[in-house]
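Peer 1: Pasting a structure here, questions to come.
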Amino acid sequence: MSSAAEGLPETWTARPSHGTGFTGRTLRGDLLSCYTAAVAVLMETRGLSHRAVLGGQPFLAVRREGTRCEVVHQHTPLTGDGESFTLPLVRRGAADAEEAGRAVAAAARRDGAVIVTGATDRLPWLAGAAPAPHWFAVTCRAGRPEIDDVFAWSDDQGDFGSYRAPVEPHRLGPLAACPAPPDPAHRARERLALGGTDAGPAGRTELPYQWLELDPEGAPGPGDRTDGTGGTGGADGMDVLSRMLHRTAAAPGLAQPGWLTGGAAAVALADLLEEAGRTPEVLAVQSDLWVAARGRALFREVLRDEATALLGPTAAGLGDWLEAHVLPPWTGVVRAVRYNALRVRRGHPPQRGMARELRRLGALEDELPDRLRDVLASAASAGGRQTSGR
């Protein structure tokens with residue numbers, strides 16, 4: 001074990017991670033990023049369906065300045081000021097590991113879960129993973145904090161599955177060590193983690209130990225009931241899903257200038273790869289493409305399950321179209337960019353085709369909200385269960 005993990009147990013034994021959230025909804029770590037997996041655990045702890053929120057918004061926004069590219073994956077920020085649900089998160093920090101451990105454990109006990117900002121090379125259950133920032137959830141069971149990392153992925157370093165294990169507060173603090181990532185792409189993902197276009201309440205502090213927790217001034221208490229727009233016990237998952245689908249169908253943009261969404265975002269990424277695809281820093285966008293591909297796979301699952309129950313068989317039909325026409329090119333682009341990143345690192349020129357496939361995806365990204373609007377209109381005319389769609 002590396003010196004970075006000093007102070008952790010020599011033997012780190014995990015119990016199998018749970019397959020469902022606290023509300024009984026399946027947590028598919030293979031369809032989430034490490035960040036959205038941690039968010040999903042927190043949502044489920046608060047009685048908010050992560051599938052309704054995360055699975056109802058296959059969103060992509062891009063801002064490019066030269067070879068620098070920033071990406072946002074959420075069009076309903078987790079800042080407590082959205083109309084579809086309530087989940088206000090803020091970043092906290094501590095000067096030392098002991099203080100961090102106490103604070104994270106206290107937040108987990110108070111709120112049910114907290115999101116820790118860690119790094120793979122400091123997390124013993126991810127031994128062997130390439131060094132990178134890594135978010136994970138800490139929950140609380142019987143008054144005791146637990147690591148609750150449902151994220152699952154495979155790469156050149158191996159297969160990494162979900163993980164769950166109890167942890168004492170004094171051993172929890174070192175896991176929240178999160179040096180500022182040197183990679184500009186990772187820094188942008190961290191800065192824009194809550195889905196906004198500026199740092200806002202998620203802005204990185206200068207403290208070495210950091211985490212995201214519910215803002216006590218904006219979050220309802222764990223026993224509160226809501227009217228369907230909130231994020232705790234009484235939230236109606238179908239109502240939230242309907243709101244999210246209406247927002248997705250509206251093809252929302254971002255208010256600040258320079259941001260491109262939908263097909264234009266895919267074309268901007270195509271231009272970037274075409275013009276600077278020999279640059280390792282540019283090819284790091286593969287991680288964002290991979291997150292987008294997983295988001296669309298989760299959207300497909302939600303269309304076939306919850307959305308079909310809400311809107312009828314036309315939702316399942318949209319899921320079939322997504323699987324047949326959208327998911328394969330997304331998978332192909334991710335693989336191509338990853339392969340070319342390896343070629344560039346070995347001194348070879350990248351192969352062509354990445355930009356062409358992304359432009360093809362751009363047309364499909366614009367077609368998706370049109371098809372979703374047809375599904376919503378068909379359900380409304382058939383008298384299906386509808387909400388205001390705010």
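All residue names refer to the structure tokens as shown: chains lettered A, B, ... in order, residues numbered from 1 in each chain, ligands numbered from 1 in order.
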Name the residues in contact with Cys140 (chain A) at a cut-off of 12 Å, using only C-alpha atoms, excluding same-chain residues fewer than 6 positions from it; report them as JSON, numbers by chain.
Peer 2: {"A": [22, 41, 42, 45, 104, 105, 106, 107, 108, 109, 110, 111, 112, 113, 114, 146, 147, 148, 164, 165, 166, 167, 168, 169]}
Peer 1: Mind writing the picked residues with N, CA, C and O atoms as a compact mmCIF listing (two decimals), in the first residue's frame?
Peer 2:
```txt
# COMPACT_ATOMS: atom_id res chain seq x y z
N PHE A 22 -31.89 3.33 -1.45
CA PHE A 22 -32.65 3.29 -0.22
C PHE A 22 -34.15 3.25 -0.48
O PHE A 22 -34.92 2.80 0.35
N VAL A 41 -26.39 7.83 -4.92
CA VAL A 41 -26.53 7.33 -3.55
C VAL A 41 -27.13 8.40 -2.66
O VAL A 41 -28.04 8.13 -1.86
N LEU A 42 -26.65 9.64 -2.78
CA LEU A 42 -27.19 10.73 -1.97
C LEU A 42 -28.66 10.98 -2.29
O LEU A 42 -29.49 11.16 -1.38
N THR A 45 -30.79 8.28 -0.76
CA THR A 45 -30.86 8.48 0.69
C THR A 45 -31.93 9.49 1.06
O THR A 45 -32.61 9.36 2.08
N VAL A 104 -17.09 14.84 7.89
CA VAL A 104 -17.76 13.99 6.93
C VAL A 104 -18.68 13.01 7.64
O VAL A 104 -19.83 12.79 7.24
N ALA A 105 -18.20 12.41 8.74
CA ALA A 105 -19.03 11.48 9.50
C ALA A 105 -20.26 12.18 10.05
O ALA A 105 -21.38 11.63 10.03
N ALA A 106 -20.09 13.41 10.55
CA ALA A 106 -21.22 14.16 11.10
C ALA A 106 -22.24 14.48 10.02
O ALA A 106 -23.46 14.37 10.23
N ALA A 107 -21.76 14.86 8.82
CA ALA A 107 -22.68 15.16 7.72
C ALA A 107 -23.43 13.92 7.27
O ALA A 107 -24.62 13.97 6.94
N ALA A 108 -22.74 12.77 7.26
CA ALA A 108 -23.40 11.52 6.88
C ALA A 108 -24.49 11.15 7.88
O ALA A 108 -25.58 10.70 7.50
N ARG A 109 -24.20 11.35 9.16
CA ARG A 109 -25.22 11.05 10.18
C ARG A 109 -26.40 11.99 10.06
O ARG A 109 -27.56 11.60 10.22
N ARG A 110 -26.13 13.26 9.78
CA ARG A 110 -27.20 14.26 9.72
C ARG A 110 -28.06 14.10 8.48
O ARG A 110 -29.29 14.15 8.55
N ASP A 111 -27.42 13.88 7.33
CA ASP A 111 -28.13 13.91 6.06
C ASP A 111 -28.35 12.53 5.44
O ASP A 111 -29.06 12.39 4.45
N GLY A 112 -27.69 11.51 5.99
CA GLY A 112 -27.81 10.17 5.42
C GLY A 112 -26.69 9.83 4.47
O GLY A 112 -26.34 8.67 4.32
N ALA A 113 -26.11 10.84 3.80
CA ALA A 113 -25.02 10.60 2.86
C ALA A 113 -24.28 11.90 2.59
O ALA A 113 -24.84 12.99 2.73
N VAL A 114 -23.04 11.76 2.19
CA VAL A 114 -22.20 12.90 1.81
C VAL A 114 -21.30 12.42 0.68
O VAL A 114 -21.01 11.23 0.56
N GLU A 146 -20.18 4.56 6.44
CA GLU A 146 -19.76 3.50 5.53
C GLU A 146 -19.35 4.10 4.19
O GLU A 146 -19.98 5.04 3.70
N ILE A 147 -18.30 3.55 3.60
CA ILE A 147 -18.00 3.83 2.21
C ILE A 147 -19.10 3.19 1.37
O ILE A 147 -19.46 2.02 1.58
N ASP A 148 -19.65 3.92 0.42
CA ASP A 148 -20.73 3.40 -0.43
C ASP A 148 -20.46 3.83 -1.86
O ASP A 148 -21.06 4.77 -2.39
N ARG A 164 -18.44 -1.48 -0.79
CA ARG A 164 -19.13 -0.99 0.39
C ARG A 164 -18.48 -1.57 1.64
O ARG A 164 -18.24 -2.77 1.71
N ALA A 165 -18.17 -0.71 2.60
CA ALA A 165 -17.52 -1.17 3.82
C ALA A 165 -17.65 -0.11 4.90
O ALA A 165 -17.63 1.09 4.62
N PRO A 166 -17.78 -0.52 6.17
CA PRO A 166 -17.79 0.45 7.28
C PRO A 166 -16.42 1.09 7.43
O PRO A 166 -15.40 0.50 7.07
N VAL A 167 -16.41 2.30 7.95
CA VAL A 167 -15.15 3.01 8.14
C VAL A 167 -15.28 3.90 9.38
O VAL A 167 -16.31 4.54 9.58
N GLU A 168 -14.24 3.90 10.19
CA GLU A 168 -14.22 4.77 11.36
C GLU A 168 -13.88 6.19 10.94
O GLU A 168 -13.13 6.40 9.97
N PRO A 169 -14.42 7.21 11.64
CA PRO A 169 -14.15 8.59 11.25
C PRO A 169 -12.67 8.92 11.14
O PRO A 169 -12.27 9.65 10.22
```
Peer 1: So that I can see what lies close to region 372-386 of chain A, please list as a ChimeraX atom specification the residues with an atom at most 7 Å from it, counting only C-alpha atoms and leaving out residues fewer than 3 positions away in the same chain.
Peer 2: /A:242,249,310-312,314-315,368-369
Peer 1: Work out how far apart CA of Gly319 (chain A) and CA of Val285 (chain A) are and give it in Å to one decimal.
Peer 2: 26.2 Å
Peer 1: Provide the CA of Asp320 (chain A) to CA of Val240 (chain A) distance in Å, to one decimal place.
Peer 2: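 We find that CA of Asp320 (chain A) and CA of Val240 (chain A) lie 22.7 Å from each other.
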Peer 1: Can you work out which one of A:Leu303, A:Ala103, A:Ala363, A:Met354 has the shortest atom-to-atom distance to Gln210 (chain A), counting only C-alpha atoms?
Peer 2: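 Checking each of A:Leu303, A:Ala103, A:Ala363, A:Met354 against Gln210 (chain A), counting only C-alpha atoms, the winner is A:Ala103.
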Peer 1: Counting only C-alpha atoms, what is within 8 Å of Gly93 (chain A), bar same-chain residues fewer than 5 positions away, as a list in words?
Peer 2: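 So the residues in contact are Ala100, Thr205, Leu207, Pro208, Tyr209, Gln210 and Trp211 of chain A.
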